[in-house]
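Novice: Okay, handing you the structure first.
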Amino acid sequence: MYNIKVVSNMLDMPAVTIRAWENRYQAVIPRRSPSGHRLYSEQDIQDLRWLKTQVEEKGMNISQAVKLLRSRKRDSEHHLSQQVETTVNNPDLLYLDKIDELYKAIHAFDSTRVNNLFDLYFSLYHYSDVFNYIVRKLMDFLEEKREKGEVTIAHEHFASNLAMQRLYQFFRAFPVNPTLPKVLAFTPEGELHQLGLLYFSLFLRSHQYDVIYLGINTPMDGLDDLIQMHDIRIILISVTCESLRPLTEKMVKHFRKMHPHLQILIGGQAFREEEVPATCHYVDEDAANWYLWLEQQR
C-alpha cells in the first residue's frame with residue numbers, strides 16, 4: 001500500500017488532482033490507515049495511470065474516463081465469471097484470445113493497434129499477469145511461428161521493442177527502499193536479448209529494490225568501479241546464447257575474486273540450473289520461484 005505522496009510522485013500527478021478525482025468522481029476508493037491517511041493499492045495506481053492517459057493523451061474528460069473504466073471492469077468481471085471453471089487450473093486459457101489479438105496486430109506491424117490492446121489489458125489485469133500470461137506467451141508463440149516460416153525476425157523485434165517500452169514505463173513507477181541491497185542488471189558482451197532480464201528487474205523494482213539497469217551487450221570495463229562506487233550487493237546476469245557461457249563463467253570468477261560480498265544471480269536459456277556456477281543462484285522463468293528467493297532475503 002502507498003500513501004498519496006508516493007502515488008503522486010509515481011504518476012507525476014498533483015495530490016490535489018488525485019483527491020479531486022476521488023471525491024468528485026470516485027475514480028478510486030483508497031483504504032484508510034488507523035490515523036485516517038489514504039492508502040492506495042497497486043490496482044488503484046493502475047486505474048489512476050489509465051485515467052491519466054485518457055485525459056492527457058486522448059482528450060477525454062475525467063467523468064467520461066471514469067465511466068469507461070467502470071464499464072470495462074464490469075465487462076471483465078462478467079467475462080471472467082463465465083470462464084472461471086475452465087481456467088482455474090490453467091490460467092493460460094484465459095488469455096488465449098488476447099494473444100491472438102496481439103499476434104494479428106503484430107503480423108500487420110500495426111503499432112497503434114498493439115499499444116491500444118496493451119492499454120486495454122493493463123486496465124483489466126494486474127501488470128504481472130499481463131507480462132506472465134500474455135507478453136511472454138506471445139513471444140514464445142512468435143518464435144514458434146518464425147521457426148515455421150510464418151513470421152520473420154522483424155516481427156519478433158517489433159513485438160519485443162513494444163513490450164520493452166511498457167516494461168520501462170512500469171520500471172520508473174515504483175519507489176525505492178534505500179535500505180535494501182542495490183542491484184546491477186546486465187547481459188554480457190555479445191548478448192542481445194534482454195526481455196527476461198528486464199522483467200525480473202521490474203519484479204525486483206516492484207519490491208522496492210534499487211536496480212541499476214545496464215541492459216544488453218555490457219563489457220567488463222568499468223563494472224568494478226561501478227560496483228564499488230554504488231555499493232552494489234546483487235548482480236543479475238542474463239544469458240540466452242550458449243556460446244557466451246565461458247565468458248559468463250569467467251565474469252563470475254572475476255567478481256568472486258574482486259567482490260566476494262556479491263550475490264550473483266544468473267538467468268536465461270544458456271544455462272540449466274545444474275550448470276550454473278556453484279556460487280551463483282539460478283533464476284528460472286517461474287515467478288513463484290522468484291517469490292521464494294525474495295523470502296530468503298528477509
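Residues are referred to by chain and number: the chain letter is A, B, ... according to the order shown in the C-alpha cells, the number counts from 1 in that chain, and ligands are numbered separately from 1 in the order shown.
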Tell me, as a list in words, which residues lie within 9 Å of A:Glu101, counting only C-alpha atoms; anything in the same chain fewer than 4 positions away does not count.
Specialist: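 What passes the distance filter is Leu96, Asp97, Ala105, Ile106, Val114 and Leu117 of chain A.
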Novice: Please dump the current selection as a CSV table (one decimal), in the first residue's frame; keep C-alpha atoms.
Specialist:
```
chain,number,residue,atom,x,y,z
A,96,LEU,CA,-5.5,-17.0,-25.5
A,97,ASP,CA,-7.8,-14.6,-27.3
A,105,ALA,CA,-1.7,-6.6,-34.9
A,106,ILE,CA,2.0,-7.5,-34.8
A,114,VAL,CA,-0.7,-3.1,-30.3
A,117,LEU,CA,-4.5,-3.5,-26.9
```
Novice: When DSSP is applied to the backbone of this structure, which of stretch 97-223 of chain A are assigned strand (DSSP E or B)? Write them out as a tab-separated table (two decimals) with N, CA, C and O atoms, in the first residue's frame.
Specialist:
```tsv
chain	number	residue	atom	x	y	z
A	182	LYS	N	21.47	-2.84	-3.28
A	182	LYS	CA	21.41	-2.35	-4.65
A	182	LYS	C	21.74	-3.48	-5.63
A	182	LYS	O	22.58	-4.34	-5.35
A	183	VAL	N	21.08	-3.43	-6.78
A	183	VAL	CA	21.20	-4.48	-7.79
A	183	VAL	C	21.76	-3.90	-9.07
A	183	VAL	O	21.39	-2.80	-9.49
A	184	LEU	N	22.65	-4.66	-9.72
A	184	LEU	CA	23.18	-4.30	-11.03
A	184	LEU	C	22.73	-5.37	-12.02
A	184	LEU	O	22.97	-6.56	-11.80
A	185	ALA	N	22.05	-4.97	-13.10
A	185	ALA	CA	21.49	-5.94	-14.06
A	185	ALA	C	22.03	-5.67	-15.46
A	185	ALA	O	22.02	-4.53	-15.92
A	186	PHE	N	22.47	-6.73	-16.13
A	186	PHE	CA	23.01	-6.57	-17.49
A	186	PHE	C	23.12	-7.93	-18.17
A	186	PHE	O	22.96	-8.98	-17.54
A	187	THR	N	23.38	-7.89	-19.48
A	187	THR	CA	23.77	-9.09	-20.21
A	187	THR	C	25.23	-8.93	-20.62
A	187	THR	O	25.71	-7.81	-20.81
A	188	PRO	N	25.99	-10.03	-20.72
A	188	PRO	CA	27.41	-9.92	-21.07
A	188	PRO	C	27.60	-9.45	-22.51
A	188	PRO	O	26.67	-9.47	-23.32
A	211	VAL	N	17.46	-0.90	-8.70
A	211	VAL	CA	18.12	-1.66	-9.76
A	211	VAL	C	18.79	-0.71	-10.74
A	211	VAL	O	18.13	0.12	-11.36
A	212	ILE	N	20.10	-0.83	-10.87
A	212	ILE	CA	20.82	-0.10	-11.92
A	212	ILE	C	20.82	-1.00	-13.14
A	212	ILE	O	21.47	-2.04	-13.16
A	213	TYR	N	20.07	-0.60	-14.15
A	213	TYR	CA	19.85	-1.46	-15.32
A	213	TYR	C	20.75	-1.02	-16.47
A	213	TYR	O	20.57	0.06	-17.04
A	214	LEU	N	21.74	-1.84	-16.81
A	214	LEU	CA	22.66	-1.51	-17.89
A	214	LEU	C	22.21	-2.05	-19.24
A	214	LEU	O	22.62	-1.55	-20.28
A	215	GLY	N	21.39	-3.12	-19.22
A	215	GLY	CA	20.86	-3.66	-20.47
A	215	GLY	C	21.83	-4.60	-21.18
A	215	GLY	O	22.66	-5.27	-20.56
A	216	ILE	N	21.74	-4.62	-22.50
A	216	ILE	CA	22.43	-5.63	-23.30
A	216	ILE	C	23.88	-5.27	-23.60
A	216	ILE	O	24.29	-4.12	-23.48
A	217	ASN	N	24.63	-6.32	-23.98
A	217	ASN	CA	25.96	-6.16	-24.58
A	217	ASN	C	26.90	-5.33	-23.70
A	217	ASN	O	27.55	-4.39	-24.16
A	218	THR	N	26.97	-5.69	-22.42
A	218	THR	CA	27.74	-4.90	-21.45
A	218	THR	C	29.16	-5.43	-21.30
A	218	THR	O	29.35	-6.58	-20.88
```
Novice: For A:Tyr291, list every protein, DNA or RNA residue within 10 Å, evaluated using only C-alpha atoms, and leave out those in the same chain fewer than 6 positions away; present the list as a list in words.
Specialist: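 So the residues in contact are Phe203, Leu204 and Gln297 of chain A.
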Novice: Would you return as a VMD selection string the members of stretch 57-297 of chain A that DSSP assigns to helix (DSSP H, G or I) on this structure's backbone?
Specialist: chain A and resid 57 to 58 62 to 87 91 to 107 111 to 124 127 to 147 153 to 171 195 to 206 223 to 229 242 to 258 273 to 275 287 to 296
Novice: Kindly indicate which residue among A:Thr248, A:Asn115, A:Gln296, A:Ser238 lies nearest to A:Leu195, using only C-alpha atoms for the distances.
Specialist: A:Ser238
Novice: Grab the atom CA of A:Ala270 to atom CA of A:Cys241 distance for me, in Å with one decimal place.
Specialist: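 Taking atom CA of A:Ala270 as the start and atom CA of A:Cys241 as the end point, the length is 5.3 Å.
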Novice: With only C-alpha atoms as the basis for distance, which of A:Phe174, A:Leu138, A:Gly196, A:His259 is at the shortest distance from A:Leu223?
Specialist: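 Between A:Phe174, A:Leu138, A:Gly196, A:His259, the residue approaching A:Leu223 most closely is A:His259.
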Novice: Return as a Markdown table the residues of stretch 159-253 of chain A lying at most 10 Å from stretch 126-129 of chain A, together with the closest atom-to-atom pair for each and the distance in Å to one decimal, counting only C-alpha atoms, with rows in chain order and ascending residue number.
Specialist:
```
| residue | atom | partner | partner_atom | distance |
| --- | --- | --- | --- | --- |
| A:Arg166 | CA | A:Tyr127 | CA | 9.8 |
| A:Leu167 | CA | A:Tyr127 | CA | 9.4 |
| A:Phe170 | CA | A:Tyr127 | CA | 8.6 |
| A:Tyr199 | CA | A:Ser128 | CA | 9.2 |
| A:Leu202 | CA | A:Ser128 | CA | 9.5 |
| A:Phe203 | CA | A:Ser128 | CA | 8.4 |
```
Novice: Please save N, CA, C and O atoms of the selected residues as a PDB file, in the first residue's frame.
Specialist:
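Now in part22.pdb:
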```pdb
ATOM      1  N   ARG A 166       6.770  -0.891 -22.568  1.00  0.00           N
ATOM      2  CA  ARG A 166       5.830  -0.998 -21.449  1.00  0.00           C
ATOM      3  C   ARG A 166       6.563  -1.321 -20.147  1.00  0.00           C
ATOM      4  O   ARG A 166       6.252  -0.788 -19.085  1.00  0.00           O
ATOM      5  N   LEU A 167       7.519  -2.215 -20.224  1.00  0.00           N
ATOM      6  CA  LEU A 167       8.287  -2.573 -19.042  1.00  0.00           C
ATOM      7  C   LEU A 167       9.009  -1.355 -18.475  1.00  0.00           C
ATOM      8  O   LEU A 167       9.031  -1.137 -17.256  1.00  0.00           O
ATOM      9  N   PHE A 170       6.686   0.902 -16.425  1.00  0.00           N
ATOM     10  CA  PHE A 170       6.434   0.413 -15.077  1.00  0.00           C
ATOM     11  C   PHE A 170       7.682   0.520 -14.211  1.00  0.00           C
ATOM     12  O   PHE A 170       7.601   0.756 -13.011  1.00  0.00           O
ATOM     13  N   TYR A 199      12.303  -7.990 -17.234  1.00  0.00           N
ATOM     14  CA  TYR A 199      11.130  -8.374 -16.474  1.00  0.00           C
ATOM     15  C   TYR A 199      11.496  -8.740 -15.036  1.00  0.00           C
ATOM     16  O   TYR A 199      10.808  -8.338 -14.090  1.00  0.00           O
ATOM     17  N   LEU A 202      12.200  -5.659 -13.203  1.00  0.00           N
ATOM     18  CA  LEU A 202      10.953  -4.997 -12.825  1.00  0.00           C
ATOM     19  C   LEU A 202      10.355  -5.645 -11.579  1.00  0.00           C
ATOM     20  O   LEU A 202       9.838  -4.959 -10.693  1.00  0.00           O
ATOM     21  N   PHE A 203      10.441  -6.970 -11.501  1.00  0.00           N
ATOM     22  CA  PHE A 203       9.962  -7.683 -10.321  1.00  0.00           C
ATOM     23  C   PHE A 203      10.686  -7.179  -9.074  1.00  0.00           C
ATOM     24  O   PHE A 203      10.057  -6.892  -8.042  1.00  0.00           O
TER      25      PHE A 203
END
```
Novice: Interatomic distance between atom CA of A:Asn289 and atom CA of A:Leu180?
Specialist: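 Value for the atom CA of A:Asn289-atom CA of A:Leu180 distance: 19.7 Å.
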Novice: Which residue out of A:Lys253, A:Ile234, A:Leu294, A:Val239 has the minimum interatomic distance to A:Arg272 when only C-alpha atoms are used?
Specialist: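 Nearest candidate to A:Arg272 out of A:Lys253, A:Ile234, A:Leu294, A:Val239: A:Val239.
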Novice: With a distance cut-off of 12 Å and only C-alpha atoms, select the neighbouring residues of A:Glu249, excluding the residue or stretch itself and same-chain residues fewer than 2 positions from it, and output the selection as a list in words.
Specialist: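 Once the nearby chain positions are removed, what remains is Pro188, Ile237, Val239, Glu242, Ser243, Leu244, Arg245, Pro246, Leu247, Met251, Val252, Lys253, His254, Phe255, Arg256, Ile264, Ile266, Ala270, Phe271, Glu275, Val276, Pro277, Ala278, Thr279 and Cys280 of chain A.
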Novice: Keeping only N, CA and C atoms, write the selected residues to a file as a PDB file, in the first residue's frame.
Specialist:
```
ATOM      1  N   PRO A 188      25.987 -10.033 -20.723  1.00  0.00           N
ATOM      2  CA  PRO A 188      27.411  -9.917 -21.069  1.00  0.00           C
ATOM      3  C   PRO A 188      27.604  -9.452 -22.508  1.00  0.00           C
ATOM      4  N   ILE A 237      22.686 -11.360 -14.077  1.00  0.00           N
ATOM      5  CA  ILE A 237      23.213 -11.557 -15.429  1.00  0.00           C
ATOM      6  C   ILE A 237      22.259 -12.471 -16.197  1.00  0.00           C
ATOM      7  N   VAL A 239      21.739 -14.622 -19.793  1.00  0.00           N
ATOM      8  CA  VAL A 239      22.465 -15.168 -20.945  1.00  0.00           C
ATOM      9  C   VAL A 239      21.563 -16.164 -21.675  1.00  0.00           C
ATOM     10  N   GLU A 242      24.336 -19.895 -25.772  1.00  0.00           N
ATOM     11  CA  GLU A 242      25.211 -20.872 -25.127  1.00  0.00           C
ATOM     12  C   GLU A 242      26.693 -20.580 -25.375  1.00  0.00           C
ATOM     13  N   SER A 243      27.018 -19.970 -26.496  1.00  0.00           N
ATOM     14  CA  SER A 243      28.417 -19.663 -26.796  1.00  0.00           C
ATOM     15  C   SER A 243      29.015 -18.657 -25.811  1.00  0.00           C
ATOM     16  N   LEU A 244      28.148 -17.966 -25.061  1.00  0.00           N
ATOM     17  CA  LEU A 244      28.619 -16.976 -24.098  1.00  0.00           C
ATOM     18  C   LEU A 244      28.769 -17.549 -22.687  1.00  0.00           C
ATOM     19  N   ARG A 245      28.545 -18.844 -22.542  1.00  0.00           N
ATOM     20  CA  ARG A 245      28.695 -19.441 -21.221  1.00  0.00           C
ATOM     21  C   ARG A 245      30.132 -19.322 -20.676  1.00  0.00           C
ATOM     22  N   PRO A 246      31.157 -19.620 -21.468  1.00  0.00           N
ATOM     23  CA  PRO A 246      32.528 -19.471 -20.942  1.00  0.00           C
ATOM     24  C   PRO A 246      32.836 -18.049 -20.473  1.00  0.00           C
ATOM     25  N   LEU A 247      32.368 -17.055 -21.250  1.00  0.00           N
ATOM     26  CA  LEU A 247      32.593 -15.667 -20.860  1.00  0.00           C
ATOM     27  C   LEU A 247      31.875 -15.362 -19.551  1.00  0.00           C
ATOM     28  N   MET A 251      33.434 -14.157 -15.991  1.00  0.00           N
ATOM     29  CA  MET A 251      32.985 -12.966 -15.276  1.00  0.00           C
ATOM     30  C   MET A 251      32.667 -13.302 -13.822  1.00  0.00           C
ATOM     31  N   VAL A 252      31.997 -14.444 -13.600  1.00  0.00           N
ATOM     32  CA  VAL A 252      31.640 -14.848 -12.243  1.00  0.00           C
ATOM     33  C   VAL A 252      32.898 -15.030 -11.396  1.00  0.00           C
ATOM     34  N   LYS A 253      33.895 -15.696 -11.950  1.00  0.00           N
ATOM     35  CA  LYS A 253      35.157 -15.897 -11.217  1.00  0.00           C
ATOM     36  C   LYS A 253      35.809 -14.565 -10.870  1.00  0.00           C
ATOM     37  N   HIS A 254      35.780 -13.653 -11.823  1.00  0.00           N
ATOM     38  CA  HIS A 254      36.366 -12.331 -11.576  1.00  0.00           C
ATOM     39  C   HIS A 254      35.634 -11.613 -10.445  1.00  0.00           C
ATOM     40  N   PHE A 255      34.299 -11.617 -10.500  1.00  0.00           N
ATOM     41  CA  PHE A 255      33.523 -10.933  -9.468  1.00  0.00           C
ATOM     42  C   PHE A 255      33.731 -11.581  -8.100  1.00  0.00           C
ATOM     43  N   ARG A 256      33.833 -12.895  -8.077  1.00  0.00           N
ATOM     44  CA  ARG A 256      34.051 -13.598  -6.812  1.00  0.00           C
ATOM     45  C   ARG A 256      35.396 -13.203  -6.185  1.00  0.00           C
ATOM     46  N   ILE A 264      25.321 -13.318  -6.750  1.00  0.00           N
ATOM     47  CA  ILE A 264      25.243 -13.327  -8.209  1.00  0.00           C
ATOM     48  C   ILE A 264      24.077 -14.200  -8.654  1.00  0.00           C
ATOM     49  N   ILE A 266      21.937 -15.655 -11.994  1.00  0.00           N
ATOM     50  CA  ILE A 266      22.078 -15.910 -13.430  1.00  0.00           C
ATOM     51  C   ILE A 266      20.779 -16.489 -13.972  1.00  0.00           C
ATOM     52  N   ALA A 270      20.743 -20.051 -21.685  1.00  0.00           N
ATOM     53  CA  ALA A 270      22.075 -20.618 -21.921  1.00  0.00           C
ATOM     54  C   ALA A 270      22.474 -21.615 -20.837  1.00  0.00           C
ATOM     55  N   PHE A 271      21.875 -21.458 -19.646  1.00  0.00           N
ATOM     56  CA  PHE A 271      22.220 -22.336 -18.528  1.00  0.00           C
ATOM     57  C   PHE A 271      20.994 -23.106 -18.059  1.00  0.00           C
ATOM     58  N   GLU A 275      23.839 -26.361 -14.224  1.00  0.00           N
ATOM     59  CA  GLU A 275      25.034 -25.911 -14.925  1.00  0.00           C
ATOM     60  C   GLU A 275      25.551 -24.554 -14.443  1.00  0.00           C
ATOM     61  N   VAL A 276      24.744 -23.874 -13.650  1.00  0.00           N
ATOM     62  CA  VAL A 276      25.155 -22.568 -13.144  1.00  0.00           C
ATOM     63  C   VAL A 276      26.277 -22.750 -12.131  1.00  0.00           C
ATOM     64  N   PRO A 277      27.314 -21.884 -12.158  1.00  0.00           N
ATOM     65  CA  PRO A 277      28.400 -21.997 -11.175  1.00  0.00           C
ATOM     66  C   PRO A 277      27.862 -22.127  -9.754  1.00  0.00           C
ATOM     67  N   ALA A 278      28.531 -22.942  -8.957  1.00  0.00           N
ATOM     68  CA  ALA A 278      28.021 -23.300  -7.630  1.00  0.00           C
ATOM     69  C   ALA A 278      27.824 -22.087  -6.727  1.00  0.00           C
ATOM     70  N   THR A 279      28.560 -21.039  -6.972  1.00  0.00           N
ATOM     71  CA  THR A 279      28.466 -19.856  -6.110  1.00  0.00           C
ATOM     72  C   THR A 279      27.354 -18.902  -6.539  1.00  0.00           C
ATOM     73  N   CYS A 280      26.569 -19.299  -7.546  1.00  0.00           N
ATOM     74  CA  CYS A 280      25.526 -18.419  -8.073  1.00  0.00           C
ATOM     75  C   CYS A 280      24.139 -19.002  -7.802  1.00  0.00           C
TER      76      CYS A 280
END
```
Novice: For stretch 153-164 of chain A, please output as a PyMOL selection string all residues within 8 Å (counting only C-alpha atoms; exclusion window: fewer than 3 positions along the same chain).
Specialist: chain A and resi 106-107+109+111+115+135+139+142-143+146+167-168+195+198
Novice: Which residue is closest to A:Met258? Choose from A:Glu56, A:Glu274, A:Glu285, A:Asp225 and count only C-alpha atoms.
Specialist: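 When distances to A:Met258 are compared using only C-alpha atoms, the smallest one comes from A:Asp225.
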Novice: For a test of reading the model, state the distance in Å between atom CA of A:Ser71 and atom CA of A:Arg113, rounded to one decimal.
Specialist: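 According to the coordinates, atom CA of A:Ser71 and atom CA of A:Arg113 are separated by 20.5 Å.
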Novice: Skipping near chain neighbours, those fewer than 5 positions away, what residues fall within 9 Å of stretch 19-34 of chain A using only C-alpha atoms, listed as JSON, numbers by chain?
Specialist: {"A": [1, 4, 14, 39, 40, 41, 44, 45, 47, 48, 51, 62, 63, 65, 66, 67, 69, 70]}
